[in-house]
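Comments concern the structure below.
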Amino acid sequence: LLAVAACGGGNLLHQYDFSSGTLAVVSDVPPEPDVLSGSLFDLTTSGDPVRDVLRIGARVVREVQADEVQGKLDAASRQIDVGLVLEENTLRRSARYLGADPVEDGDSDYLLELFVVEYGIVADAWDAPAQFFLEADAALLHSDSGTEIWRAEVSSRDPIGPAVWGGSREARDLLTAVVLASLDVDEIVQILEGLADYSAGVVTDRLRNDLRDARRR
C-alpha cells in the first residue's frame with residue numbers, strides 16, 4: 001500500500017456509545033472520477049528534431065487511447081453512480097465498526113460528513129501500473145449537539161490488483177493504462193465499482209484504526 005493517512009483533528013470516540021444510536025452519511029464527491037489525466041500526457045521538447053517527431057507521434061497515439069478511454073468511461077459512468085456507491089459503502093462499513101444502526105437519511109444520532117477532494121485512477125506511464133488514488137476529509141458529528149467527535153484527512157494511492165477486475169487473460173495480472181484502454185464498458189464499470197469500494201475502505205479503515213486506539217484508553 002503506497003498510502004499515508006495525514007493527521008486529523010481530535011478523537012473523542014472513547015466518549016460515546018454508538019451501539020445505542022443511528023448513523024447517516026452525507027457526502028460531497030466530484031461527479032466523475034479523474035482517470036488517466038495530468039502528467040501522463042505531458043510532453044516537452046528535447047531539442048532533437050528527430051526524437052521530438054517520434055515523441056509527438058507517440059503522444060498522438062496516447063491521446064487517441066485517452067479519447068477511447070474517456071468515451072468508455074462516459075458510457076460506464078451512466079451505468080454506475082460512483083459517488084453514491086462510495087457513500088453507501090462508507091455508511092455500511094462505518095456503522096459496522098461503530099456498532100450503530102445505519103440510516104439513509106440525515107435524521108440520525110450521528111452524522112459522518114465525507115468531503116472527497118480528489119479521487120480516480122492514475123498511471124505515471126502507459127505501461128506503468130495504474131493506481132487508485134483518494135484525497136478526502138471526514139468528520140463524525142453528534143447530531144444534537146454538533147460536537148465533532150472525530151475528524152481525519154486521508155490521502156492514499158494504491159496499485160489496482162487483479163482481484164479488482166479478475167478475468168483469465170494473463171495481461172490482467174497487472175492493470176496498466178494500456179490495458180485499461182483495451183477494456184470494454186462493462187469491465188470499466190467493474191473498475192469503477194472497485195474505485196468506490198477502495199475509496200470507502202480508505203476512510204473507514206482510518207475510522208476503525210482510530211476507534212481501536214480510542215478504546216485502548
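Residue numbers start at 1 in each chain; chains themselves are named A, B, ... in the order of the C-alpha cells; ligands are numbered from 1 in the order shown.
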Per-residue DSSP, stretch 80-141 of chain A, filtered to strand (DSSP E), as a PyMOL selection string
chain A and resi 101-102+110-122+131-141
Got a sec: who's within 6 Å of A:Gln131, counting only C-alpha atoms, leaving out chain neighbours fewer than 5 positions off, as a PyMOL selection string?
chain A and resi 121-122+158-160
Compile the contact shell of A:Gly194 as a list in words: residues with an atom at most 9 Å away, counting only C-alpha atoms, same-chain residues fewer than 5 positions apart removed.
Phe132, Ile160, Val164, Trp165, Val189 and Ser199 of chain A
With a cut-off of 7 Å, could you pull out the residues of stretch 75-193 of chain A touching stretch 12-35 of chain A and give me the nearest pair of atoms for each, distance in Å to one decimal, using only C-alpha atoms, ordered by chain and ascending number, as CSV?
```
residue,atom,partner,partner_atom,distance
A:Gly83,CA,A:Val29,CA,5.7
A:Glu87,CA,A:Ser27,CA,6.5
A:Leu91,CA,A:Val25,CA,5.8
A:Ala95,CA,A:Leu23,CA,6.4
A:Leu98,CA,A:Phe18,CA,5.8
A:Gly99,CA,A:Ser19,CA,4.7
A:Ala100,CA,A:Ser19,CA,4.7
A:Asp101,CA,A:Thr22,CA,4.5
A:Pro102,CA,A:Leu23,CA,4.9
A:Val103,CA,A:Ala24,CA,5.2
A:Glu104,CA,A:Ala24,CA,5.9
A:Asp105,CA,A:Ala24,CA,6.3
A:Gly106,CA,A:Ala24,CA,5.8
A:Ser108,CA,A:Thr22,CA,5.2
A:Asp109,CA,A:Thr22,CA,5.1
A:Tyr110,CA,A:Leu23,CA,4.8
A:Leu111,CA,A:Ala24,CA,5.0
A:Leu112,CA,A:Val25,CA,4.7
A:Glu113,CA,A:Val26,CA,5.1
A:Leu114,CA,A:Ser27,CA,4.5
A:Phe115,CA,A:Asp28,CA,4.8
A:Val116,CA,A:Val29,CA,5.0
A:Tyr119,CA,A:Pro33,CA,5.6
A:Gly120,CA,A:Asp34,CA,4.5
A:Ile121,CA,A:Val35,CA,4.7
A:Val122,CA,A:Val35,CA,6.0
A:Ile149,CA,A:Leu12,CA,4.9
A:Trp150,CA,A:Leu12,CA,6.1
```
Residues just named, written with C-alpha atoms as an mmCIF file, in the first residue's frame:
```cif
data_model
loop_
_atom_site.group_PDB
_atom_site.id
_atom_site.type_symbol
_atom_site.label_atom_id
_atom_site.label_comp_id
_atom_site.auth_asym_id
_atom_site.auth_seq_id
_atom_site.Cartn_x
_atom_site.Cartn_y
_atom_site.Cartn_z
ATOM 1 C CA GLY A 83 -20.220 8.715 -5.609
ATOM 2 C CA GLU A 87 -21.340 6.826 0.175
ATOM 3 C CA LEU A 91 -22.144 4.075 5.636
ATOM 4 C CA ALA A 95 -21.920 1.612 11.009
ATOM 5 C CA LEU A 98 -19.111 1.741 15.363
ATOM 6 C CA GLY A 99 -21.899 -0.716 16.148
ATOM 7 C CA ALA A 100 -24.533 1.846 15.129
ATOM 8 C CA ASP A 101 -27.652 1.314 13.035
ATOM 9 C CA PRO A 102 -27.223 2.739 9.516
ATOM 10 C CA VAL A 103 -29.925 5.025 8.147
ATOM 11 C CA GLU A 104 -30.027 6.526 4.688
ATOM 12 C CA ASP A 105 -31.485 9.913 5.557
ATOM 13 C CA GLY A 106 -29.961 12.681 7.651
ATOM 14 C CA SER A 108 -29.740 10.214 12.828
ATOM 15 C CA ASP A 109 -27.944 10.382 16.150
ATOM 16 C CA TYR A 110 -24.565 10.608 14.456
ATOM 17 C CA LEU A 111 -23.556 12.021 11.106
ATOM 18 C CA LEU A 112 -20.446 11.198 9.117
ATOM 19 C CA GLU A 113 -19.567 14.008 6.724
ATOM 20 C CA LEU A 114 -17.385 12.942 3.816
ATOM 21 C CA PHE A 115 -15.775 15.502 1.516
ATOM 22 C CA VAL A 116 -13.825 13.964 -1.351
ATOM 23 C CA TYR A 119 -10.259 10.547 -6.483
ATOM 24 C CA GLY A 120 -9.753 8.388 -9.518
ATOM 25 C CA ILE A 121 -7.271 6.276 -11.463
ATOM 26 C CA VAL A 122 -3.767 7.443 -12.319
ATOM 27 C CA ILE A 149 -16.296 13.503 17.673
ATOM 28 C CA TRP A 150 -13.685 12.547 15.122
#
```
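Taking atom CA of A:Gln190 and atom CA of A:Leu84 as endpoints, the distance between them is 14.9 Å.
Excluding A:Ala177 itself and same-chain residues fewer than 5 positions from it, the residues having an atom within 8 Å of it are Leu36, Ala123, Ala125, Trp126, Asp127, Ala128, Pro129 and Ala130 of chain A, counting only C-alpha atoms.
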Kindly export the residues of the current selection with N, CA and C atoms, as a CSV table (one decimal), in the first residue's frame.
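New file selection.csv:
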```
chain,number,residue,atom,x,y,z
A,36,LEU,N,-6.7,8.8,-15.7
A,36,LEU,CA,-5.6,8.9,-16.7
A,36,LEU,C,-5.4,10.3,-17.3
A,123,ALA,N,-1.9,6.8,-13.7
A,123,ALA,CA,-0.8,6.0,-14.1
A,123,ALA,C,0.3,6.9,-14.5
A,125,ALA,N,2.8,6.2,-16.5
A,125,ALA,CA,3.2,6.0,-17.9
A,125,ALA,C,2.2,5.0,-18.4
A,126,TRP,N,2.1,4.9,-19.7
A,126,TRP,CA,1.1,3.9,-20.3
A,126,TRP,C,1.4,2.5,-20.0
A,127,ASP,N,2.7,2.2,-19.7
A,127,ASP,CA,3.0,0.8,-19.4
A,127,ASP,C,3.2,0.6,-17.9
A,128,ALA,N,3.0,1.6,-17.1
A,128,ALA,CA,3.2,1.5,-15.7
A,128,ALA,C,1.9,1.1,-15.0
A,129,PRO,N,2.0,0.5,-13.8
A,129,PRO,CA,0.8,0.0,-13.1
A,129,PRO,C,-0.2,1.2,-12.8
A,130,ALA,N,-1.4,1.0,-13.1
A,130,ALA,CA,-2.5,2.0,-12.8
A,130,ALA,C,-2.8,1.9,-11.3
```
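Proximity of A:Gln70, A:Ser156, A:Thr176, A:Ser145 to A:Val203, computed with only C-alpha atoms, is greatest for A:Ser156.
Between atom CA of A:Val154 and atom CA of A:Leu140 lies a distance of 14.1 Å.
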So that I can see what lies close to A:Ala196, please list as number ranges by chain the residues with an atom at most 8 Å from it, counting only C-alpha atoms and leaving out residues fewer than 5 positions away in the same chain.
A: 82-83, 85-86, 89
For the residues selected in the previous step, produce a file with C-alpha atoms as a compact mmCIF listing (two decimals), in the first residue's frame.
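Output below, filename selection-v4.txt:
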```txt
# COMPACT_ATOMS: atom_id res chain seq x y z
CA VAL A 82 -19.56 6.02 -8.21
CA GLY A 83 -20.22 8.71 -5.61
CA VAL A 85 -21.77 3.64 -4.19
CA LEU A 86 -18.88 5.24 -2.28
CA ASN A 89 -20.18 1.56 1.25
```
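Within stretch 87-145 of chain A, residues classed as alpha helix (DSSP H) by DSSP on backbone coordinates are Glu87, Glu88, Asn89, Thr90, Leu91, Arg92, Arg93, Ser94, Ala95, Arg96, Tyr97 and Leu98 of chain A.
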